[in-house]
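Reproduced below: target_10.csv, with CSV, C-alpha atoms.
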chain,number,residue,atom,x,y,z
A,5,MET,CA,-41.9,-110.6,116.9
A,6,THR,CA,-42.9,-114.3,116.5
A,7,ASP,CA,-42.0,-116.5,119.4
A,8,LYS,CA,-39.3,-119.0,118.4
A,9,ASN,CA,-41.3,-121.9,119.6
A,10,THR,CA,-44.3,-121.0,117.4
A,11,ALA,CA,-42.4,-119.8,114.3
A,12,LEU,CA,-43.4,-121.5,111.1
A,13,GLY,CA,-41.1,-123.7,109.1
A,14,THR,CA,-39.7,-122.9,105.8
A,15,ALA,CA,-41.7,-123.0,102.6
A,16,ILE,CA,-39.6,-124.3,99.7
A,17,ILE,CA,-40.8,-123.3,96.3
A,18,VAL,CA,-39.1,-125.1,93.4
A,19,GLY,CA,-39.8,-123.3,90.2
A,20,VAL,CA,-40.3,-119.6,90.7
A,21,GLY,CA,-41.2,-117.4,87.8
A,22,PRO,CA,-43.4,-114.4,87.0
A,23,GLY,CA,-46.7,-116.3,87.3
A,24,ILE,CA,-47.8,-118.7,90.0
A,25,GLY,CA,-44.2,-119.2,91.3
A,26,ILE,CA,-43.8,-115.7,92.6
A,27,ALA,CA,-47.4,-115.7,93.8
A,28,LEU,CA,-46.7,-118.8,95.8
A,29,ALA,CA,-43.6,-117.2,97.4
A,30,ARG,CA,-45.5,-114.1,98.3
A,31,THR,CA,-48.5,-116.0,99.7
A,32,PHE,CA,-46.4,-118.3,102.0
A,33,ALA,CA,-44.2,-115.4,103.0
A,34,ASP,CA,-47.3,-113.3,103.9
A,35,ALA,CA,-48.5,-116.3,106.0
A,36,GLY,CA,-45.3,-116.0,108.1
A,37,HIS,CA,-43.1,-118.7,106.5
A,38,PRO,CA,-39.5,-118.1,105.6
A,39,VAL,CA,-39.4,-118.8,101.9
A,40,ALA,CA,-36.7,-120.4,99.7
A,41,MET,CA,-37.2,-119.7,96.0
A,42,LEU,CA,-35.5,-122.1,93.6
A,43,ALA,CA,-35.2,-121.5,89.9
A,44,ARG,CA,-32.5,-121.4,87.2
A,45,ASP,CA,-32.5,-117.7,86.6
A,46,ARG,CA,-30.3,-116.1,89.4
A,47,ALA,CA,-31.0,-112.5,88.2
A,48,LYS,CA,-34.8,-113.0,88.4
A,49,LEU,CA,-34.5,-114.7,91.8
A,50,ASP,CA,-32.4,-111.7,93.1
A,51,THR,CA,-35.1,-109.3,91.9
A,52,TYR,CA,-37.9,-111.3,93.5
A,53,ALA,CA,-36.0,-111.7,96.8
A,54,ALA,CA,-35.3,-108.0,96.9
A,55,GLU,CA,-38.9,-107.1,96.3
A,56,LEU,CA,-40.2,-109.4,99.0
A,57,ALA,CA,-37.4,-108.6,101.5
A,58,SER,CA,-38.3,-104.9,101.1
A,59,THR,CA,-41.6,-105.6,102.8
A,60,GLY,CA,-39.9,-107.4,105.7
A,61,GLN,CA,-40.3,-110.9,104.4
A,62,ASN,CA,-37.6,-113.6,105.1
A,63,VAL,CA,-37.1,-114.8,101.5
A,64,ARG,CA,-34.0,-116.0,99.7
A,65,GLY,CA,-33.3,-117.2,96.2
A,66,TYR,CA,-31.3,-120.3,95.3
A,67,ALA,CA,-30.2,-121.0,91.7
A,68,ALA,CA,-31.1,-124.6,90.8
A,69,ASP,CA,-31.7,-126.7,87.7
A,70,ALA,CA,-34.5,-129.2,88.3
A,71,ALA,CA,-33.0,-131.3,85.4
A,72,ASP,CA,-29.7,-131.7,87.2
A,73,PRO,CA,-30.1,-134.0,90.2
A,74,ASP,CA,-26.9,-133.0,92.0
A,75,ASN,CA,-27.5,-129.3,91.5
A,76,LEU,CA,-31.1,-129.6,92.8
A,77,ARG,CA,-30.0,-131.5,95.9
A,78,ALA,CA,-27.3,-129.0,96.7
A,79,ALA,CA,-29.7,-126.1,96.4
A,80,LEU,CA,-32.3,-127.8,98.6
A,81,ARG,CA,-29.6,-128.5,101.2
A,82,SER,CA,-28.4,-124.9,101.2
A,83,ALA,CA,-32.0,-123.6,101.6
A,84,ILE,CA,-32.7,-125.9,104.5
A,85,THR,CA,-29.4,-125.1,106.2
A,86,GLU,CA,-29.8,-121.4,105.9
A,87,LEU,CA,-33.6,-120.9,106.5
A,88,GLY,CA,-34.4,-123.9,108.8
A,89,ALA,CA,-36.5,-127.0,108.7
A,90,PRO,CA,-39.3,-126.9,106.2
A,91,ASP,CA,-43.0,-127.2,106.7
A,92,VAL,CA,-43.9,-127.3,103.1
A,93,LEU,CA,-42.5,-128.1,99.6
A,94,VAL,CA,-44.1,-126.8,96.5
A,95,TYR,CA,-42.7,-128.4,93.3
A,96,ASN,CA,-43.9,-126.1,90.5
A,97,VAL,CA,-41.8,-127.0,87.5
A,98,GLY,CA,-42.5,-127.7,83.9
A,99,VAL,CA,-41.4,-126.8,80.4
A,100,LEU,CA,-44.0,-125.5,78.0
A,101,ARG,CA,-42.5,-126.3,74.6
A,102,ARG,CA,-44.1,-127.5,71.4
A,103,ASP,CA,-43.1,-131.0,70.4
A,104,SER,CA,-44.6,-134.1,68.9
A,105,PRO,CA,-44.8,-137.8,69.9
A,106,VAL,CA,-42.3,-138.7,67.1
A,107,GLY,CA,-39.1,-137.1,65.8
A,108,GLY,CA,-37.4,-134.3,67.7
A,109,ASP,CA,-34.4,-134.4,70.0
A,110,ASP,CA,-33.9,-137.3,72.4
A,111,GLN,CA,-32.2,-135.1,75.0
A,112,ASP,CA,-35.2,-132.8,75.2
A,113,TRP,CA,-37.3,-135.8,76.2
A,114,VAL,CA,-34.7,-136.9,78.7
A,115,ASP,CA,-34.6,-133.4,80.2
A,116,ASN,CA,-38.4,-133.1,80.4
A,117,ALA,CA,-38.7,-136.4,82.1
A,118,ALA,CA,-36.0,-135.3,84.6
A,119,ILE,CA,-37.8,-132.0,85.2
A,120,ASN,CA,-41.3,-133.4,85.6
A,121,VAL,CA,-40.7,-136.6,87.5
A,122,LEU,CA,-37.1,-137.2,88.7
A,123,GLY,CA,-36.8,-133.6,90.0
A,124,ALA,CA,-40.1,-134.1,91.9
A,125,ARG,CA,-38.8,-137.3,93.5
A,126,ILE,CA,-35.4,-135.7,94.3
A,127,ALA,CA,-37.2,-132.8,96.0
A,128,ALA,CA,-39.5,-135.0,98.0
A,129,ASN,CA,-36.6,-137.2,99.1
A,130,ALA,CA,-34.5,-134.2,100.2
A,131,VAL,CA,-37.3,-132.5,102.1
A,132,LEU,CA,-39.1,-135.5,103.8
A,133,PRO,CA,-36.4,-136.3,106.4
A,134,GLU,CA,-36.0,-132.6,107.2
A,135,LEU,CA,-39.6,-131.7,107.8
A,136,ARG,CA,-40.1,-129.9,111.1
A,137,ASP,CA,-41.5,-132.5,113.7
A,138,GLY,CA,-41.7,-135.0,110.8
A,139,ARG,CA,-45.0,-133.4,109.6
A,140,GLY,CA,-45.8,-131.1,106.7
A,141,SER,CA,-46.9,-130.8,103.1
A,142,LEU,CA,-45.5,-131.9,99.7
A,143,LEU,CA,-47.5,-130.1,97.0
A,144,PHE,CA,-46.9,-130.6,93.2
A,145,THR,CA,-48.2,-128.5,90.3
A,146,GLY,CA,-49.8,-130.7,87.7
A,147,GLY,CA,-51.6,-129.7,84.5
A,148,GLY,CA,-54.6,-130.4,82.4
A,149,TYR,CA,-52.4,-132.2,79.8
A,150,ALA,CA,-52.2,-135.1,82.3
A,151,LEU,CA,-55.9,-135.6,81.8
A,152,HIS,CA,-56.2,-134.5,78.1
A,153,PRO,CA,-52.9,-135.1,76.4
A,154,SER,CA,-51.9,-132.8,73.5
A,155,ARG,CA,-50.0,-134.1,70.5
A,156,GLU,CA,-48.6,-130.5,70.1
A,157,PHE,CA,-47.2,-130.6,73.7
A,158,ALA,CA,-46.3,-134.3,73.8
A,159,SER,CA,-43.4,-134.4,76.3
A,160,LEU,CA,-45.2,-132.1,78.7
A,161,SER,CA,-48.4,-134.2,78.4
A,162,VAL,CA,-46.4,-137.4,79.2
A,163,GLY,CA,-44.4,-135.7,81.9
A,164,LYS,CA,-47.5,-134.3,83.8
A,165,ALA,CA,-49.3,-137.7,83.5
A,166,ALA,CA,-46.2,-139.3,85.0
A,167,LEU,CA,-46.0,-136.7,87.8
A,168,ARG,CA,-49.7,-137.3,88.6
A,169,GLY,CA,-49.0,-141.0,89.0
A,170,TYR,CA,-46.0,-140.4,91.1
A,171,VAL,CA,-47.8,-138.1,93.5
A,172,HIS,CA,-50.7,-140.6,93.8
A,173,VAL,CA,-48.4,-143.4,94.9
A,174,LEU,CA,-46.4,-141.0,97.1
A,175,HIS,CA,-49.7,-140.0,98.8
A,176,ASP,CA,-50.5,-143.6,99.5
A,177,GLN,CA,-47.0,-144.3,100.7
A,178,LEU,CA,-47.2,-141.4,103.2
A,179,ALA,CA,-50.7,-142.2,104.5
A,180,GLY,CA,-50.8,-142.0,108.3
A,181,THR,CA,-47.4,-140.4,108.6
A,182,GLY,CA,-48.6,-136.8,109.1
A,183,VAL,CA,-47.2,-135.8,105.7
A,184,HIS,CA,-49.7,-134.5,103.1
A,185,ALA,CA,-48.6,-135.3,99.5
A,186,THR,CA,-51.0,-134.0,96.8
A,187,SER,CA,-50.9,-132.6,93.3
A,188,VAL,CA,-52.8,-129.5,92.1
A,189,THR,CA,-54.0,-130.3,88.6
A,190,ILE,CA,-54.6,-126.9,86.9
A,191,THR,CA,-56.8,-127.4,83.9
A,192,SER,CA,-56.7,-123.9,82.3
A,193,ASP,CA,-54.2,-121.2,81.4
A,194,ILE,CA,-52.9,-119.4,84.5
A,195,GLY,CA,-53.7,-115.7,84.4
A,196,GLY,CA,-55.9,-116.2,81.3
A,197,GLY,CA,-58.6,-113.8,82.5
A,198,ASN,CA,-60.5,-116.4,84.6
A,199,ALA,CA,-60.4,-115.3,88.2
A,200,ARG,CA,-60.2,-118.9,89.4
A,201,PHE,CA,-56.8,-119.2,87.6
A,202,ASP,CA,-55.3,-115.9,88.7
A,203,PRO,CA,-51.9,-116.7,90.2
A,204,ALA,CA,-52.7,-115.2,93.6
A,205,VAL,CA,-56.0,-117.2,93.8
A,206,LEU,CA,-54.2,-120.4,92.9
A,207,ALA,CA,-51.4,-119.7,95.4
A,208,GLN,CA,-54.0,-119.3,98.1
A,209,ALA,CA,-55.4,-122.7,97.2
A,210,TYR,CA,-51.9,-124.2,97.9
A,211,LEU,CA,-51.8,-122.5,101.3
A,212,GLU,CA,-55.2,-123.9,102.1
A,213,LEU,CA,-54.1,-127.3,101.1
A,214,HIS,CA,-51.2,-127.0,103.5
A,215,HIS,CA,-53.6,-126.2,106.3
A,216,GLN,CA,-56.2,-128.8,105.3
A,217,PRO,CA,-57.3,-131.2,108.1
A,218,GLU,CA,-55.8,-134.6,107.7
A,219,THR,CA,-59.3,-136.2,107.4
A,220,GLU,CA,-59.7,-134.3,104.1
A,221,TRP,CA,-56.3,-135.2,102.5
A,222,GLN,CA,-56.5,-136.6,98.9
A,223,HIS,CA,-53.9,-137.4,96.3
A,224,GLU,CA,-55.1,-134.6,94.0
A,225,LEU,CA,-56.9,-131.2,93.9
A,226,MET,CA,-58.6,-130.6,90.6
A,227,ARG,CA,-58.8,-127.0,89.6
A,228,TYR,CA,-61.4,-126.5,86.9
Would you write out, as structure tokens, the structure that this file holds?
Amino acid sequence: MTDKNTALGTAIIVGVGPGIGIALARTFADAGHPVAMLARDRAKLDTYAAELASTGQNVRGYAADAADPDNLRAALRSAITELGAPDVLVYNVGVLRRDSPVGGDDQDWVDNAAINVLGARIAANAVLPELRDGRGSLLFTGGGYALHPSREFASLSVGKAALRGYVHVLHDQLAGTGVHATSVTITSDIGGGNARFDPAVLAQAYLELHHQPETEWQHELMRY
């Protein structure tokens, strides 16, 4: 049994689905962290939590909509209250939907902006003051469209570019505080046959970032 004084803080994963999200939850749980999984689909969360709990992991699911600020804040508060002070936040949210720079539905763009940027800011604001001993990691999943925008995935391209900028300035703001803020820019399809982009391999990279020496911290990890 882990000594209470050396127990690891909670890992909060916002955006848990069948790819990298569940791989992140499994990787941080295997490393000894209690894990809070946040996503919109309660049924899938219950399935994932039951799967991981069956192996003795302390993992719980919290239904949350990253496009709804109040809902996201409430879910984060519940997770921290029930599982304890966090060591790490992973914001792993995005909507892969075809759209163009013109036309389309205004609300879709509003929702995508909320998911990609406002949700990231809300999650960071909620977790920062709760970090165990005031130290920890805030990790954000970016994407190749931030570097090479696609006119067929316009709102996602704009959203990931904005997220990349947000994390850059957050990293600068937190310099010297003991809090590591960085984005993981994934430039290829996850699980597309390239071993470097296997969900479990990517999830391990996030864990390594969390344990990275402070002298090596940067605002971005590029995954080519």
Closest pair table for region 75-142 of chain A residues within 10 Å of region 22-37 of chain A, only C-alpha atoms, as CSV:
residue,atom,partner,partner_atom,distance
A:Leu87,CA,A:His37,CA,9.8
A:Pro90,CA,A:His37,CA,9.0
A:Asp91,CA,A:His37,CA,8.5
A:Val92,CA,A:His37,CA,9.3
A:Val94,CA,A:Leu28,CA,8.4
A:Tyr95,CA,A:Gly25,CA,9.5
A:Asn96,CA,A:Gly25,CA,7.0
A:Val97,CA,A:Gly25,CA,9.0
Nearby residues, (-36.1, -135.5, 104.5) file frame, 12 Å, all atoms listed in the file, as a VMD selection string: chain A and resid 77 80 to 81 84 89 to 93 125 to 142 183
d(CA of Gly123 (chain A), CA of Ala71 (chain A)) in Å: 6.4 Å
Residues within 7 Å of Leu160 (chain A), all atoms listed in the file, excluding chain neighbours under 4 positions, as a PyMOL selection string: chain A and resi 99-100+164
Between CA of Tyr170 (chain A) and CA of Ser82 (chain A), distance in Å (one decimal): 25.5 Å
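In this structure, CA of His223 (chain A) sits 17.3 Å away from CA of Leu206 (chain A).
Nearest residue to Ala40 (chain A) among A:Gly196, A:Pro73, A:Gly108, A:Gly19 is A:Gly19, counting only C-alpha atoms.
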Neighbour list for region 44-53 of chain A as an MDAnalysis selection string, cut-off 7 Å, all atoms listed in the file, skip fewer than 6 positions in-chain: chainID A and resid 63:65 67:69
Minimum-distance residue to His172 (chain A), chosen among A:Asn116, A:Gln208, A:Gln222, A:Asn62 (using all atoms listed in the file): A:Gln222
Give me the residues of region 178-226 of chain A that have any atom at most 12 Å from an atom of region 151-154 of chain A; for each, the nearest atom pair and the distance in Å, rounded to one decimal. Use all atoms listed in the file, sort by chain and number, and format it as CSV.
residue,atom,partner,partner_atom,distance
A:Thr189,CA,A:Leu151,CA,8.8
A:Ile190,CA,A:Leu151,CA,10.2
A:Thr191,CA,A:Leu151,CA,8.5
A:Ser192,CA,A:His152,CA,11.4
A:Met226,CA,A:Leu151,CA,10.5
How big is the axis-aligned box, and where does its centre sit, when it encloses all atoms of region 102-118 of chain A listed in the file and has 4 Å added on every side, reported in Å to one decimal as JSON?
{"center_x": -38.5, "center_y": -133.1, "center_z": 75.2, "size_x": 20.6, "size_y": 19.2, "size_z": 26.8}
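Checking A:Tyr149, A:Ala43, A:Arg101, A:Ala57 one by one against Leu76 (chain A), counting all atoms listed in the file, you find the shortest gap at A:Ala43.
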Would you kindly place N, CA and C atoms on region 167-180 of chain A and return the model as a PDB file, keeping the file's coordinate frame?
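Output below, filename part16.pdb:
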ATOM      1  N   LEU A 167     -46.056-137.389  86.484  1.00  0.00           N
ATOM      2  CA  LEU A 167     -46.000-136.700  87.800  1.00  0.00           C
ATOM      3  C   LEU A 167     -47.287-137.017  88.574  1.00  0.00           C
ATOM      4  N   ARG A 168     -48.423-136.980  87.895  1.00  0.00           N
ATOM      5  CA  ARG A 168     -49.700-137.300  88.600  1.00  0.00           C
ATOM      6  C   ARG A 168     -49.659-138.676  89.178  1.00  0.00           C
ATOM      7  N   GLY A 169     -49.148-139.649  88.421  1.00  0.00           N
ATOM      8  CA  GLY A 169     -49.000-141.000  89.000  1.00  0.00           C
ATOM      9  C   GLY A 169     -48.087-141.086  90.123  1.00  0.00           C
ATOM     10  N   TYR A 170     -46.957-140.363  90.020  1.00  0.00           N
ATOM     11  CA  TYR A 170     -46.000-140.400  91.100  1.00  0.00           C
ATOM     12  C   TYR A 170     -46.576-139.833  92.399  1.00  0.00           C
ATOM     13  N   VAL A 171     -47.272-138.711  92.288  1.00  0.00           N
ATOM     14  CA  VAL A 171     -47.800-138.100  93.500  1.00  0.00           C
ATOM     15  C   VAL A 171     -48.914-138.993  94.100  1.00  0.00           C
ATOM     16  N   HIS A 172     -49.668-139.671  93.255  1.00  0.00           N
ATOM     17  CA  HIS A 172     -50.700-140.600  93.800  1.00  0.00           C
ATOM     18  C   HIS A 172     -50.066-141.671  94.628  1.00  0.00           C
ATOM     19  N   VAL A 173     -49.018-142.312  94.134  1.00  0.00           N
ATOM     20  CA  VAL A 173     -48.400-143.400  94.900  1.00  0.00           C
ATOM     21  C   VAL A 173     -47.632-142.827  96.119  1.00  0.00           C
ATOM     22  N   LEU A 174     -47.091-141.602  95.987  1.00  0.00           N
ATOM     23  CA  LEU A 174     -46.400-141.000  97.100  1.00  0.00           C
ATOM     24  C   LEU A 174     -47.454-140.695  98.234  1.00  0.00           C
ATOM     25  N   HIS A 175     -48.615-140.193  97.846  1.00  0.00           N
ATOM     26  CA  HIS A 175     -49.700-140.000  98.800  1.00  0.00           C
ATOM     27  C   HIS A 175     -50.034-141.236  99.563  1.00  0.00           C
ATOM     28  N   ASP A 176     -50.167-142.336  98.816  1.00  0.00           N
ATOM     29  CA  ASP A 176     -50.500-143.600  99.500  1.00  0.00           C
ATOM     30  C   ASP A 176     -49.361-144.078 100.382  1.00  0.00           C
ATOM     31  N   GLN A 177     -48.126-143.895  99.956  1.00  0.00           N
ATOM     32  CA  GLN A 177     -47.000-144.300 100.700  1.00  0.00           C
ATOM     33  C   GLN A 177     -46.914-143.554 102.081  1.00  0.00           C
ATOM     34  N   LEU A 178     -47.303-142.288 102.065  1.00  0.00           N
ATOM     35  CA  LEU A 178     -47.200-141.400 103.200  1.00  0.00           C
ATOM     36  C   LEU A 178     -48.422-141.408 104.114  1.00  0.00           C
ATOM     37  N   ALA A 179     -49.435-142.156 103.732  1.00  0.00           N
ATOM     38  CA  ALA A 179     -50.700-142.200 104.500  1.00  0.00           C
ATOM     39  C   ALA A 179     -50.396-142.552 105.961  1.00  0.00           C
ATOM     40  N   GLY A 180     -50.923-141.749 106.879  1.00  0.00           N
ATOM     41  CA  GLY A 180     -50.800-142.000 108.300  1.00  0.00           C
ATOM     42  C   GLY A 180     -49.481-141.518 108.922  1.00  0.00           C
TER      43      GLY A 180
END
